[in-house]
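*Asks:* Structure supplied as query_32.cif; contents: mmCIF, C-alpha atoms.
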```
data_input
loop_
_atom_site.label_atom_id
_atom_site.label_comp_id
_atom_site.auth_asym_id
_atom_site.auth_seq_id
_atom_site.Cartn_x
_atom_site.Cartn_y
_atom_site.Cartn_z
CA MET Z 96 0.00 0.00 0.00
CA ARG Z 97 2.85 2.33 0.83
CA ALA Z 98 4.39 1.93 -2.63
CA TYR Z 99 0.98 2.34 -4.27
CA ARG Z 100 0.33 5.60 -2.40
CA ALA Z 101 3.80 6.95 -3.19
CA LEU Z 102 3.50 6.09 -6.90
CA LEU Z 103 -0.03 7.52 -7.14
CA ARG Z 104 1.12 10.75 -5.46
CA LYS Z 105 3.97 10.88 -7.97
CA ASP Z 106 1.61 10.40 -10.94
CA MET Z 107 -0.75 13.11 -9.71
CA LEU Z 108 2.12 15.51 -8.97
CA LEU Z 109 3.58 14.96 -12.44
CA GLU Z 110 0.25 15.83 -14.04
CA LEU Z 111 -0.24 18.81 -11.76
CA ARG Z 112 3.21 20.14 -12.67
CA GLY Z 113 3.31 19.21 -16.34
CA ARG Z 114 -0.40 19.61 -17.21
CA GLU Z 115 0.21 17.26 -20.12
CA LEU Z 116 -2.82 15.01 -20.10
CA VAL Z 117 -5.97 16.55 -18.68
CA PRO Z 118 -5.92 19.75 -20.79
CA ALA Z 119 -5.28 17.69 -23.93
CA MET Z 120 -8.09 15.28 -23.01
CA LEU Z 121 -10.49 18.16 -22.34
CA ALA Z 122 -9.57 19.84 -25.63
CA PHE Z 123 -10.11 16.55 -27.47
CA VAL Z 124 -13.52 15.94 -25.85
CA LEU Z 125 -14.67 19.47 -26.58
CA GLY Z 126 -13.38 19.35 -30.15
CA ALA Z 127 -14.86 15.94 -30.89
CA LEU Z 128 -18.31 16.79 -29.51
CA LEU Z 129 -18.37 20.15 -31.30
CA LEU Z 130 -17.28 18.49 -34.53
CA VAL Z 131 -20.02 15.89 -34.33
CA ARG Z 132 -22.71 18.36 -33.27
CA PHE Z 133 -22.03 21.08 -35.80
CA GLY Z 134 -20.02 19.22 -38.43
CA LEU Z 135 -22.83 16.74 -38.98
CA GLY Z 136 -25.46 19.47 -38.76
CA GLY Z 137 -27.80 17.64 -36.44
CA GLU Z 138 -27.82 14.42 -38.47
CA THR Z 139 -26.71 12.54 -35.39
CA GLN Z 140 -29.89 13.51 -33.62
CA ALA Z 141 -31.83 12.34 -36.62
CA GLY Z 142 -29.91 9.06 -36.39
CA GLY Z 143 -31.39 8.49 -33.00
CA THR Z 144 -30.34 8.06 -29.44
CA ARG Z 145 -28.14 5.08 -30.22
CA ALA Z 146 -25.98 7.01 -32.70
CA ALA Z 147 -25.54 9.93 -30.29
CA THR Z 148 -24.73 7.62 -27.40
CA GLY Z 149 -22.34 5.63 -29.54
CA LEU Z 150 -20.51 8.84 -30.37
CA LEU Z 151 -20.24 9.70 -26.67
CA TRP Z 152 -18.58 6.35 -25.97
CA VAL Z 153 -16.29 6.55 -28.97
CA VAL Z 154 -15.15 9.92 -27.65
CA VAL Z 155 -14.64 8.38 -24.19
CA VAL Z 156 -12.51 5.56 -25.62
CA PHE Z 157 -10.35 7.83 -27.77
CA THR Z 158 -9.89 10.27 -24.90
CA SER Z 159 -8.71 7.32 -22.81
CA LEU Z 160 -6.20 6.45 -25.50
CA LEU Z 161 -4.73 9.94 -25.23
CA ALA Z 162 -4.04 9.31 -21.55
CA LEU Z 163 -2.84 5.75 -22.07
CA VAL Z 164 -0.39 6.57 -24.85
CA ARG Z 165 1.35 8.97 -22.46
CA SER Z 166 1.34 6.44 -19.60
CA PHE Z 167 4.87 5.73 -18.37
CA ALA Z 168 6.15 8.40 -20.80
CA GLN Z 169 8.45 9.98 -18.20
CA GLU Z 170 9.79 6.59 -17.13
CA ARG Z 171 10.57 5.83 -20.77
CA GLU Z 172 11.89 9.19 -21.92
CA HIS Z 173 14.12 9.77 -18.89
CA GLY Z 174 15.19 6.16 -18.40
CA ILE Z 175 13.54 6.03 -14.97
CA TRP Z 176 12.24 2.47 -15.43
CA ASP Z 177 15.52 1.07 -14.09
CA GLY Z 178 15.08 3.03 -10.86
CA ILE Z 179 11.47 1.96 -10.34
CA LEU Z 180 12.00 -1.65 -11.39
CA SER Z 181 15.00 -2.12 -9.12
CA ALA Z 182 13.00 -0.91 -6.09
CA PRO Z 183 11.82 -3.59 -3.65
CA ILE Z 184 8.12 -3.29 -4.40
CA ASP Z 185 5.38 -5.45 -5.81
CA ARG Z 186 5.36 -4.28 -9.42
CA ALA Z 187 1.59 -4.58 -9.50
CA ALA Z 188 1.62 -1.41 -7.35
CA ILE Z 189 3.00 0.49 -10.38
CA TRP Z 190 0.06 -0.76 -12.46
CA ALA Z 191 -2.49 -0.04 -9.72
CA ALA Z 192 -1.22 3.52 -9.20
CA ARG Z 193 -1.20 4.21 -12.93
CA SER Z 194 -4.73 2.81 -13.30
CA THR Z 195 -6.00 4.97 -10.45
CA ALA Z 196 -4.43 8.11 -11.92
CA THR Z 197 -5.97 7.33 -15.31
CA ILE Z 198 -9.41 6.89 -13.72
CA ALA Z 199 -9.03 10.27 -12.01
CA PHE Z 200 -8.13 11.96 -15.33
CA LEU Z 201 -11.05 10.28 -17.11
CA VAL Z 202 -13.54 11.32 -14.42
CA ILE Z 203 -12.39 14.95 -14.69
CA THR Z 204 -12.77 14.81 -18.48
CA GLN Z 205 -16.20 13.21 -18.30
CA ALA Z 206 -17.40 15.83 -15.83
CA VAL Z 207 -17.03 18.23 -18.76
CA ALA Z 208 -18.10 15.84 -21.53
CA LEU Z 209 -21.43 14.78 -20.02
CA PRO Z 210 -23.05 18.22 -19.72
CA LEU Z 211 -21.91 18.98 -23.27
CA PHE Z 212 -23.36 15.70 -24.52
CA TRP Z 213 -26.63 16.54 -22.82
CA LEU Z 214 -26.62 20.05 -24.24
CA PHE Z 215 -25.77 19.00 -27.79
CA PHE Z 216 -27.69 15.77 -28.22
CA LEU Z 217 -30.45 15.43 -25.64
CA GLN Z 218 -32.39 18.66 -25.99
CA ASP Z 219 -35.63 16.98 -26.96
CA GLY Z 220 -36.79 16.11 -23.47
CA ARG Z 221 -34.96 12.75 -23.34
CA SER Z 222 -32.91 12.33 -20.22
CA PRO Z 223 -30.75 9.42 -19.07
CA SER Z 224 -30.85 8.17 -15.50
CA LEU Z 225 -27.88 10.01 -14.07
CA TRP Z 226 -27.09 7.34 -11.49
CA VAL Z 227 -27.07 4.55 -14.05
CA LEU Z 228 -25.02 6.60 -16.49
CA ALA Z 229 -22.54 7.53 -13.72
CA CYS Z 230 -22.27 3.84 -12.75
CA ALA Z 231 -21.73 2.81 -16.38
CA LEU Z 232 -19.07 5.49 -16.87
CA LEU Z 233 -17.25 4.60 -13.66
CA LEU Z 234 -17.28 0.87 -14.45
CA ALA Z 235 -16.11 1.60 -18.00
CA ASP Z 236 -13.38 3.91 -16.69
CA LEU Z 237 -12.18 1.17 -14.37
CA GLY Z 238 -12.02 -1.34 -17.21
CA VAL Z 239 -10.34 1.07 -19.61
CA ALA Z 240 -7.77 2.15 -17.01
CA MET Z 241 -6.89 -1.34 -15.78
CA LEU Z 242 -6.67 -2.90 -19.22
CA GLY Z 243 -5.03 0.19 -20.71
CA SER Z 244 -2.37 0.46 -18.01
CA LEU Z 245 -1.46 -3.20 -18.48
CA LEU Z 246 -1.13 -2.73 -22.25
CA ALA Z 247 0.68 0.61 -21.80
CA GLY Z 248 3.24 -1.18 -19.62
CA LEU Z 249 3.69 -3.76 -22.36
CA ALA Z 250 3.90 -1.12 -25.10
CA SER Z 251 6.40 0.95 -23.10
CA GLN Z 252 8.97 -1.82 -23.60
CA VAL Z 253 8.92 -1.65 -27.41
CA GLN Z 254 9.86 0.86 -30.08
CA ALA Z 255 6.57 1.40 -31.95
CA ARG Z 256 4.60 1.95 -28.74
CA GLU Z 257 2.34 4.75 -30.04
CA VAL Z 258 1.13 2.43 -32.81
CA LEU Z 259 1.08 -0.77 -30.80
CA LEU Z 260 -1.05 0.49 -27.91
CA PRO Z 261 -4.17 1.43 -29.93
CA VAL Z 262 -3.82 -1.76 -31.98
CA LEU Z 263 -3.82 -3.83 -28.79
CA PHE Z 264 -6.32 -1.75 -26.85
CA LEU Z 265 -9.16 -1.11 -29.29
CA PRO Z 266 -10.18 -4.75 -29.94
CA PHE Z 267 -10.40 -5.35 -26.19
CA ALA Z 268 -12.49 -2.17 -25.81
CA VAL Z 269 -15.16 -3.38 -28.27
CA PRO Z 270 -17.23 -5.44 -25.78
CA LEU Z 271 -16.94 -2.67 -23.20
CA VAL Z 272 -18.20 0.01 -25.59
CA THR Z 273 -20.94 -2.23 -27.00
CA VAL Z 274 -22.41 -2.92 -23.58
CA ALA Z 275 -21.86 0.63 -22.31
CA VAL Z 276 -23.76 2.04 -25.32
CA ARG Z 277 -26.66 -0.35 -24.71
CA VAL Z 278 -26.78 0.54 -21.02
CA THR Z 279 -26.77 4.25 -21.82
CA VAL Z 280 -29.40 3.92 -24.54
CA ASN Z 281 -31.53 1.90 -22.16
CA THR Z 282 -31.45 4.66 -19.56
CA ILE Z 283 -32.57 7.21 -22.15
CA SER Z 284 -35.19 5.19 -24.01
CA PRO Z 285 -35.97 2.00 -22.06
CA GLN Z 286 -38.91 1.11 -24.30
CA THR Z 287 -36.68 0.69 -27.37
CA SER Z 288 -34.69 -2.15 -25.97
CA GLY Z 289 -35.28 -5.46 -24.26
CA PHE Z 290 -31.80 -5.20 -22.78
CA SER Z 291 -31.53 -5.26 -18.99
CA THR Z 292 -29.59 -2.31 -17.61
CA PHE Z 293 -28.52 -4.29 -14.56
CA GLU Z 294 -27.25 -7.16 -16.70
CA GLY Z 295 -25.24 -4.60 -18.65
CA LEU Z 296 -23.77 -3.12 -15.50
CA GLY Z 297 -23.06 -6.64 -14.29
CA PHE Z 298 -21.16 -7.35 -17.52
CA LEU Z 299 -19.09 -4.20 -17.06
CA ALA Z 300 -18.29 -5.23 -13.47
CA LEU Z 301 -17.26 -8.70 -14.71
CA TYR Z 302 -15.05 -7.11 -17.40
CA ASP Z 303 -13.40 -4.99 -14.68
CA THR Z 304 -12.86 -8.00 -12.45
CA ILE Z 305 -11.23 -10.00 -15.25
CA PHE Z 306 -8.88 -7.22 -16.35
CA GLY Z 307 -8.23 -6.20 -12.75
CA LEU Z 308 -7.04 -9.72 -11.96
CA LEU Z 309 -5.08 -9.97 -15.22
CA GLY Z 310 -3.41 -6.60 -14.64
CA TRP Z 311 -2.49 -7.46 -11.07
CA ALA Z 312 -1.09 -10.86 -12.02
CA LEU Z 313 0.62 -10.00 -15.32
CA PHE Z 314 2.09 -6.52 -14.95
CA GLU Z 315 5.25 -7.87 -13.34
CA TYR Z 316 5.87 -9.97 -16.45
CA VAL Z 317 4.99 -7.34 -19.06
CA VAL Z 318 7.60 -4.92 -17.69
CA GLU Z 319 10.16 -7.69 -17.22
CA ASP Z 320 12.96 -7.40 -19.73
CA MET F 249 42.95 -16.48 12.52
CA SER F 250 39.99 -14.56 11.05
CA SER F 251 37.93 -16.26 8.35
CA PRO F 252 37.77 -14.50 4.97
CA GLU F 253 34.74 -12.28 4.22
CA PRO F 254 32.02 -14.33 2.49
CA ALA F 255 31.29 -13.29 -1.09
CA LEU F 256 28.36 -10.90 -1.38
CA VAL F 257 28.18 -11.20 -5.16
CA VAL F 258 28.99 -14.37 -7.06
CA CYS F 259 28.77 -14.68 -10.86
CA ARG F 260 29.64 -17.94 -12.61
CA GLY F 261 29.65 -18.07 -16.40
CA LEU F 262 27.14 -15.22 -16.69
CA VAL F 263 25.70 -14.78 -20.18
CA ARG F 264 23.38 -12.00 -21.31
CA ARG F 265 22.48 -11.57 -24.95
CA PHE F 266 20.77 -8.81 -26.91
CA GLY F 267 19.47 -10.58 -29.97
CA GLU F 268 22.34 -12.63 -31.35
CA ARG F 269 25.03 -10.54 -29.68
CA ALA F 270 26.32 -11.63 -26.28
CA ALA F 271 26.88 -8.51 -24.18
CA LEU F 272 28.13 -10.75 -21.36
CA ASP F 273 29.74 -13.98 -22.47
CA GLY F 274 30.64 -16.17 -19.51
CA VAL F 275 31.62 -13.58 -16.91
CA SER F 276 32.71 -14.94 -13.54
CA LEU F 277 33.54 -12.79 -10.55
CA GLU F 278 33.28 -12.61 -6.79
CA LEU F 279 32.84 -9.53 -4.64
CA ALA F 280 33.28 -9.74 -0.89
CA ALA F 281 31.21 -7.73 1.57
CA GLY F 282 32.97 -4.43 2.19
CA GLU F 283 35.02 -4.67 -1.00
CA THR F 284 35.06 -2.17 -3.88
CA LEU F 285 35.45 -3.64 -7.35
CA LEU F 286 36.24 -1.32 -10.26
CA LEU F 287 34.82 -2.52 -13.56
CA THR F 288 36.82 -1.15 -16.45
CA GLY F 289 36.89 -1.69 -20.19
CA GLY F 290 36.05 0.12 -23.39
CA ASN F 291 32.63 1.06 -24.68
CA GLY F 292 30.49 -2.02 -25.25
CA ALA F 293 32.66 -4.19 -22.98
CA GLY F 294 29.60 -5.22 -20.93
CA LYS F 295 30.03 -3.07 -17.80
CA THR F 296 26.55 -1.52 -17.88
CA THR F 297 24.90 -4.84 -18.74
CA LEU F 298 26.59 -6.52 -15.77
CA LEU F 299 25.41 -3.76 -13.43
CA ARG F 300 21.85 -3.95 -14.80
CA VAL F 301 21.75 -7.72 -14.30
CA LEU F 302 22.87 -7.28 -10.69
CA ALA F 303 20.32 -4.46 -10.28
CA THR F 304 17.65 -7.07 -11.24
CA VAL F 305 16.60 -4.97 -14.23
CA LEU F 306 17.90 -7.47 -16.82
CA ARG F 307 17.57 -11.24 -16.60
CA PRO F 308 20.67 -13.37 -17.12
CA HIS F 309 20.31 -15.83 -20.00
CA ALA F 310 22.78 -18.40 -18.69
CA GLY F 311 25.15 -18.93 -15.80
CA ALA F 312 24.62 -18.44 -12.10
CA VAL F 313 24.35 -15.10 -10.28
CA SER F 314 23.72 -14.58 -6.61
CA VAL F 315 23.68 -11.59 -4.27
CA ALA F 316 23.92 -12.27 -0.54
CA GLY F 317 23.08 -15.89 -1.27
CA HIS F 318 19.91 -15.04 -3.23
CA GLU F 319 19.88 -16.38 -6.76
CA LEU F 320 18.96 -14.12 -9.68
CA PRO F 321 16.51 -13.82 -11.26
CA ARG F 322 14.50 -16.29 -9.11
CA GLN F 323 15.00 -14.40 -5.85
CA ALA F 324 15.14 -10.89 -7.26
CA ARG F 325 12.64 -9.60 -4.69
CA ALA F 326 15.01 -10.54 -1.88
CA VAL F 327 17.92 -8.83 -3.65
CA ARG F 328 16.24 -5.48 -4.43
CA PRO F 329 16.29 -4.11 -0.86
CA LEU F 330 20.03 -4.80 -0.74
CA ILE F 331 21.06 -2.76 -3.78
CA GLY F 332 21.47 0.93 -4.57
CA TYR F 333 21.82 1.56 -8.29
CA VAL F 334 23.10 4.58 -10.20
CA GLY F 335 22.67 4.16 -13.93
CA HIS F 336 23.64 6.19 -16.98
CA GLU F 337 20.61 8.38 -16.32
CA PRO F 338 19.99 9.90 -12.87
CA LEU F 339 16.70 7.89 -12.66
CA VAL F 340 14.83 10.88 -11.20
CA TYR F 341 11.67 12.66 -12.39
CA PRO F 342 12.58 16.07 -13.86
CA SER F 343 9.26 17.65 -12.80
CA LEU F 344 9.63 16.63 -9.16
CA THR F 345 11.85 18.49 -6.73
CA ALA F 346 15.02 16.93 -5.37
CA LEU F 347 13.26 16.25 -2.06
CA GLU F 348 10.11 14.81 -3.72
CA ASN F 349 12.25 12.45 -5.78
CA LEU F 350 14.03 11.18 -2.69
CA GLU F 351 10.75 10.90 -0.76
CA LEU F 352 9.35 8.76 -3.55
CA TYR F 353 12.30 6.37 -3.49
CA ALA F 354 12.35 6.40 0.32
CA SER F 355 8.72 5.22 0.29
CA LEU F 356 9.49 2.54 -2.27
CA HIS F 357 12.28 1.30 0.02
CA GLY F 358 10.07 1.44 3.09
CA ARG F 359 12.02 4.34 4.59
CA SER F 360 10.61 7.42 6.25
CA ALA F 361 10.68 10.86 4.64
CA GLU F 362 13.08 11.94 7.41
CA SER F 363 15.79 9.77 5.87
CA CYS F 364 15.91 12.09 2.85
CA ARG F 365 17.38 15.16 4.55
CA PRO F 366 20.66 13.48 5.62
CA ALA F 367 21.03 11.97 2.15
CA LEU F 368 20.56 15.39 0.52
CA ALA F 369 22.98 16.96 2.99
CA MET F 370 25.55 14.27 2.26
CA VAL F 371 25.67 15.22 -1.43
CA GLY F 372 25.51 18.96 -0.75
CA LEU F 373 21.98 19.51 -2.08
CA GLU F 374 20.23 20.50 1.16
CA ARG F 375 19.75 24.11 -0.02
CA ARG F 376 18.46 22.99 -3.44
CA ARG F 377 15.99 20.45 -2.03
CA ASN F 378 12.94 22.34 -3.30
CA ASP F 379 14.32 22.86 -6.81
CA ARG F 380 12.94 20.68 -9.57
CA ALA F 381 15.38 18.08 -10.84
CA ALA F 382 15.02 19.63 -14.31
CA ASP F 383 16.39 22.91 -12.93
CA LEU F 384 19.48 21.29 -11.46
CA SER F 385 22.72 21.11 -13.40
CA ARG F 386 23.91 17.76 -14.80
CA GLY F 387 26.37 17.39 -11.94
CA MET F 388 23.73 18.20 -9.33
CA ARG F 389 21.35 15.65 -10.84
CA GLN F 390 24.17 13.13 -10.58
CA ARG F 391 24.59 14.03 -6.91
CA LEU F 392 20.86 13.52 -6.48
CA ALA F 393 21.20 10.11 -8.13
CA LEU F 394 23.93 9.19 -5.65
CA ALA F 395 21.73 10.31 -2.74
CA ARG F 396 18.87 8.22 -4.17
CA ALA F 397 21.05 5.11 -4.36
CA TRP F 398 22.55 5.62 -0.89
CA LEU F 399 19.28 6.58 0.82
CA HIS F 400 18.39 3.13 2.17
CA GLN F 401 21.96 2.20 3.16
CA PRO F 402 22.23 -0.68 0.68
CA ALA F 403 24.60 -3.60 1.20
CA LEU F 404 25.66 -3.33 -2.46
CA LEU F 405 26.18 -0.10 -4.40
CA LEU F 406 26.10 -0.45 -8.18
CA LEU F 407 27.52 2.69 -9.76
CA ASP F 408 27.70 3.18 -13.51
CA GLU F 409 30.09 5.99 -14.42
CA PRO F 410 29.31 7.78 -11.14
CA THR F 411 31.73 10.66 -11.81
CA ALA F 412 29.89 11.70 -15.01
CA GLY F 413 29.10 15.37 -14.75
CA LEU F 414 30.57 15.73 -11.25
CA ASP F 415 32.92 18.61 -10.47
CA GLY F 416 35.92 18.29 -8.15
CA GLU F 417 33.83 18.78 -5.04
CA GLY F 418 31.28 16.24 -6.27
CA ARG F 419 34.03 13.69 -6.84
CA GLU F 420 35.31 14.25 -3.31
CA LEU F 421 31.77 13.76 -2.02
CA LEU F 422 31.53 10.52 -3.98
CA ASN F 423 34.81 9.21 -2.58
CA GLY F 424 33.71 10.22 0.91
CA MET F 425 30.46 8.36 0.36
CA LEU F 426 32.32 5.23 -0.75
CA ASP F 427 34.63 5.50 2.28
CA GLU F 428 31.64 5.74 4.62
CA HIS F 429 29.77 2.96 2.85
CA ARG F 430 30.02 -0.22 4.92
CA GLY F 431 28.81 -2.56 2.20
CA ALA F 432 30.34 -3.56 -1.10
CA ALA F 433 30.48 -1.45 -4.25
CA LEU F 434 30.76 -2.30 -7.92
CA VAL F 435 31.85 0.76 -9.88
CA ALA F 436 31.93 0.87 -13.67
CA THR F 437 34.42 3.54 -14.63
CA HIS F 438 36.85 4.77 -17.23
CA GLU F 439 38.84 6.45 -14.45
CA PRO F 440 39.96 3.64 -12.11
CA ASP F 441 42.74 5.84 -10.69
CA ARG F 442 40.12 7.99 -8.99
CA PHE F 443 38.95 5.13 -6.77
CA ALA F 444 40.48 2.73 -4.32
CA GLY F 445 39.66 -0.89 -5.04
CA ARG F 446 40.41 -4.02 -7.02
CA GLU F 447 40.13 -3.67 -10.80
CA LEU F 448 38.40 -6.11 -13.13
CA ARG F 449 38.69 -5.43 -16.83
CA LEU F 450 36.02 -6.54 -19.28
CA ARG F 451 36.53 -6.88 -23.01
CA ASP F 452 33.81 -7.93 -25.46
CA GLY F 453 31.66 -9.29 -22.67
CA ARG F 454 34.40 -11.39 -21.08
CA VAL F 455 36.81 -10.90 -18.22
CA ALA F 456 40.08 -9.79 -19.80
CA ALA F 457 43.13 -11.83 -18.89
#
```
Write the structure described by the file as structure tokens, please.
*Replies:*
Amino acid sequence: MRAYRALLRKDMLLELRGRELVPAMLAFVLGALLLVRFGLGGETQAGGTRAATGLLWVVVVFTSLLALVRSFAQEREHGIWDGILSAPIDRAAIWAARSTATIAFLVITQAVALPLFWLFFLQDGRSPSLWVLACALLLADLGVAMLGSLLAGLASQVQAREVLLPVLFLPFAVPLVTVAVRVTVNTISPQTSGFSTFEGLGFLALYDTIFGLLGWALFEYVVED
Amino acid sequence: MSSPEPALVVCRGLVRRFGERAALDGVSLELAAGETLLLTGGNGAGKTTLLRVLATVLRPHAGAVSVAGHELPRQARAVRPLIGYVGHEPLVYPSLTALENLELYASLHGRSAESCRPALAMVGLERRRNDRAADLSRGMRQRLALARAWLHQPALLLLDEPTAGLDGEGRELLNGMLDEHRGAALVATHEPDRFAGRELRLRDGRVAA
């Protein structure tokens, strides 16, 4: 726990000092939502709730990638891996701290993205259940951060890491996004779907459990030389 | 009659490859507790690779390596608390202050934040403790790296070109640190005359005759 707390504090301090990730993620979210809303001239709304919700989750996933691609960037660029890896700690603490920091950055970004999504795409009286949507987002953030940090650790050991990480991450994100979209759609228009919201949330929790266990067990080996 | 010091580090036929090339090709050595061993040799001789294997950052591909009786890589977790490693890079975060960097490593080694002040004072950085590592000169970052490695009083110091960037005063501090150090030290250097200790020369990944 001590190593986890120290590494998490370090990750938060680095972001606070460098302001590398969160401003870029916010700019991306804002740009992507504006582009979809005005670039498509309202056609998304005509495409229905599912299209708008799908866009929200695509934006969430690509914003996550921004954070994940920069994961362990300082360790890589300044050769700090040797210092961290030679410390007497459970290496899973590195993964856990990085996952927690990523979740924090995603939550901040989504606090801005959600009101914009509502403003741009749900102005016709439709309204999602905020609690269910918050649960879905948090569960998705957990899955994205835990899986993404594991893959970012793996990608940090190779040359073409900026290319490799999205290639590895996006296929694994497909089931997460599919279910998250259905959960969100269900909270906005329950009558259009026979899908159970609680089953969807249960799937997201299962996804988190699987990648949480995999991350904890495998991180040591993915950063091993 | 006193018995000889038991070997802290033992390497037998150590091999480490990068692709097809063997960076270490059957290196054998012993280092007793309290001894300083100076690793010399030209660029690409295998000095850094040997230090990184002992720092548990690289896995050996063949041969036997042990530190304080713990075999590598199988018992790497038992070895890590015993080593203090200074690499080619200072291994510190540029955006964190000197003190924050040491506090991070102190936590990772299970030490209290109070242990950082004496380490900073030892390398003459007490007054610069709140400066970001990025704002320190190359030599001062190297001093910070030495403080980081020495912080938890390791049984084995692994120093890779520790004089790089150090001025005269920094070199004196380093020698003072090695004199005070009660454990063993393995120092990769191109300047063996600057240190007291036994010399072991590597050439093309092997111990030179």
*Asks:* When you count all atoms listed in the file, which of these residues is closest to chain Z: F:Glu417, F:Asp441, F:Glu348, F:Glu374?
*Replies:* F:Glu348
*Asks:* Which residues, written as a PDB file with C-alpha atoms, keeping the file's coordinate frame, have at least one atom at most 10 Å from range 252-267 of chain F, with all atoms listed in the file counted and residues fewer than 2 positions away on the same chain left out?
*Replies:*
```pdb
ATOM      1  CA  MET F 249      42.950 -16.480  12.520  1.00  0.00           C
ATOM      2  CA  SER F 250      39.990 -14.560  11.050  1.00  0.00           C
ATOM      3  CA  ARG F 269      25.030 -10.540 -29.680  1.00  0.00           C
ATOM      4  CA  ALA F 270      26.320 -11.630 -26.280  1.00  0.00           C
ATOM      5  CA  ALA F 271      26.880  -8.510 -24.180  1.00  0.00           C
ATOM      6  CA  LEU F 272      28.130 -10.750 -21.360  1.00  0.00           C
ATOM      7  CA  ASP F 273      29.740 -13.980 -22.470  1.00  0.00           C
ATOM      8  CA  GLY F 274      30.640 -16.170 -19.510  1.00  0.00           C
ATOM      9  CA  VAL F 275      31.620 -13.580 -16.910  1.00  0.00           C
ATOM     10  CA  SER F 276      32.710 -14.940 -13.540  1.00  0.00           C
ATOM     11  CA  LEU F 277      33.540 -12.790 -10.550  1.00  0.00           C
ATOM     12  CA  GLU F 278      33.280 -12.610  -6.790  1.00  0.00           C
ATOM     13  CA  LEU F 279      32.840  -9.530  -4.640  1.00  0.00           C
ATOM     14  CA  ALA F 280      33.280  -9.740  -0.890  1.00  0.00           C
ATOM     15  CA  ALA F 281      31.210  -7.730   1.570  1.00  0.00           C
ATOM     16  CA  GLY F 282      32.970  -4.430   2.190  1.00  0.00           C
ATOM     17  CA  GLU F 283      35.020  -4.670  -1.000  1.00  0.00           C
ATOM     18  CA  GLY F 294      29.600  -5.220 -20.930  1.00  0.00           C
ATOM     19  CA  THR F 297      24.900  -4.840 -18.740  1.00  0.00           C
ATOM     20  CA  LEU F 298      26.590  -6.520 -15.770  1.00  0.00           C
ATOM     21  CA  VAL F 301      21.750  -7.720 -14.300  1.00  0.00           C
ATOM     22  CA  LEU F 302      22.870  -7.280 -10.690  1.00  0.00           C
ATOM     23  CA  LEU F 306      17.900  -7.470 -16.820  1.00  0.00           C
ATOM     24  CA  ARG F 307      17.570 -11.240 -16.600  1.00  0.00           C
ATOM     25  CA  PRO F 308      20.670 -13.370 -17.120  1.00  0.00           C
ATOM     26  CA  HIS F 309      20.310 -15.830 -20.000  1.00  0.00           C
ATOM     27  CA  ALA F 310      22.780 -18.400 -18.690  1.00  0.00           C
ATOM     28  CA  GLY F 311      25.150 -18.930 -15.800  1.00  0.00           C
ATOM     29  CA  ALA F 312      24.620 -18.440 -12.100  1.00  0.00           C
ATOM     30  CA  VAL F 313      24.350 -15.100 -10.280  1.00  0.00           C
ATOM     31  CA  SER F 314      23.720 -14.580  -6.610  1.00  0.00           C
ATOM     32  CA  VAL F 315      23.680 -11.590  -4.270  1.00  0.00           C
ATOM     33  CA  ALA F 316      23.920 -12.270  -0.540  1.00  0.00           C
ATOM     34  CA  GLY F 317      23.080 -15.890  -1.270  1.00  0.00           C
ATOM     35  CA  HIS F 318      19.910 -15.040  -3.230  1.00  0.00           C
ATOM     36  CA  GLU F 319      19.880 -16.380  -6.760  1.00  0.00           C
ATOM     37  CA  LEU F 320      18.960 -14.120  -9.680  1.00  0.00           C
ATOM     38  CA  ALA F 403      24.600  -3.600   1.200  1.00  0.00           C
ATOM     39  CA  LEU F 404      25.660  -3.330  -2.460  1.00  0.00           C
ATOM     40  CA  GLY F 431      28.810  -2.560   2.200  1.00  0.00           C
ATOM     41  CA  ALA F 432      30.340  -3.560  -1.100  1.00  0.00           C
ATOM     42  CA  LEU F 434      30.760  -2.300  -7.920  1.00  0.00           C
ATOM     43  CA  GLY F 453      31.660  -9.290 -22.670  1.00  0.00           C
ATOM     44  CA  ARG F 454      34.400 -11.390 -21.080  1.00  0.00           C
TER      45      ARG F 454
END
```
*Asks:* Of the candidates F:Thr296, F:Thr437, F:Ser385, F:Gln401, which one gets nearest to Gly413 in chain F if we count only C-alpha atoms?
*Replies:*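 For Gly413 in chain F, the nearest of the candidates is F:Ser385.
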*Asks:* Apply the PyMOL selection byres ((chain F and resi 436) around 9) to the file shown and report the selected residues as a list in words.
*Replies:*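 Going through the file, the PyMOL selection byres ((chain F and resi 436) around 9) ends up selecting Leu285, Leu286, Leu287, Thr288, Gly289, Lys295, Thr296, Leu299, Leu406, Leu407, Asp408, Glu409, Pro410, Leu434, Val435, Thr437, His438, Glu439 and Pro440 of chain F.
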*Asks:* What's the separation between CA of Leu130 in chain Z and CA of Thr282 in chain Z, in Å to one decimal place?
*Replies:*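 These two atoms are separated by 24.8 Å.
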*Asks:* May I ask for the distance between CA of Trp226 in chain Z and CA of Ile198 in chain Z, given in Å to one decimal place?
*Replies:*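 Computing the Euclidean distance for CA of Trp226 in chain Z and CA of Ile198 in chain Z yields 17.8 Å.
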*Asks:* For the file shown, what are the residues hit by the PyMOL selection byres ((chain Z and resi 231) around 9), laid out as a PyMOL selection string?
*Replies:* chain Z and resi 226-230+232-236+275+278-279+295-296+299
*Asks:* Expressed in Å to a single decimal, how great is the separation between CA of Val280 in chain Z and CA of Leu129 in chain Z?
*Replies:*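 Spanning CA of Val280 in chain Z to CA of Leu129 in chain Z is a straight-line distance of 20.8 Å.
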*Asks:* Considering only C-alpha atoms, state which residue in the set Z:Pro261, Z:Val131, Z:Arg256, Z:Leu237 is at the smallest distance from Ala146 in chain Z.
*Replies:*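 Smallest separation from Ala146 in chain Z among the options: Z:Val131.
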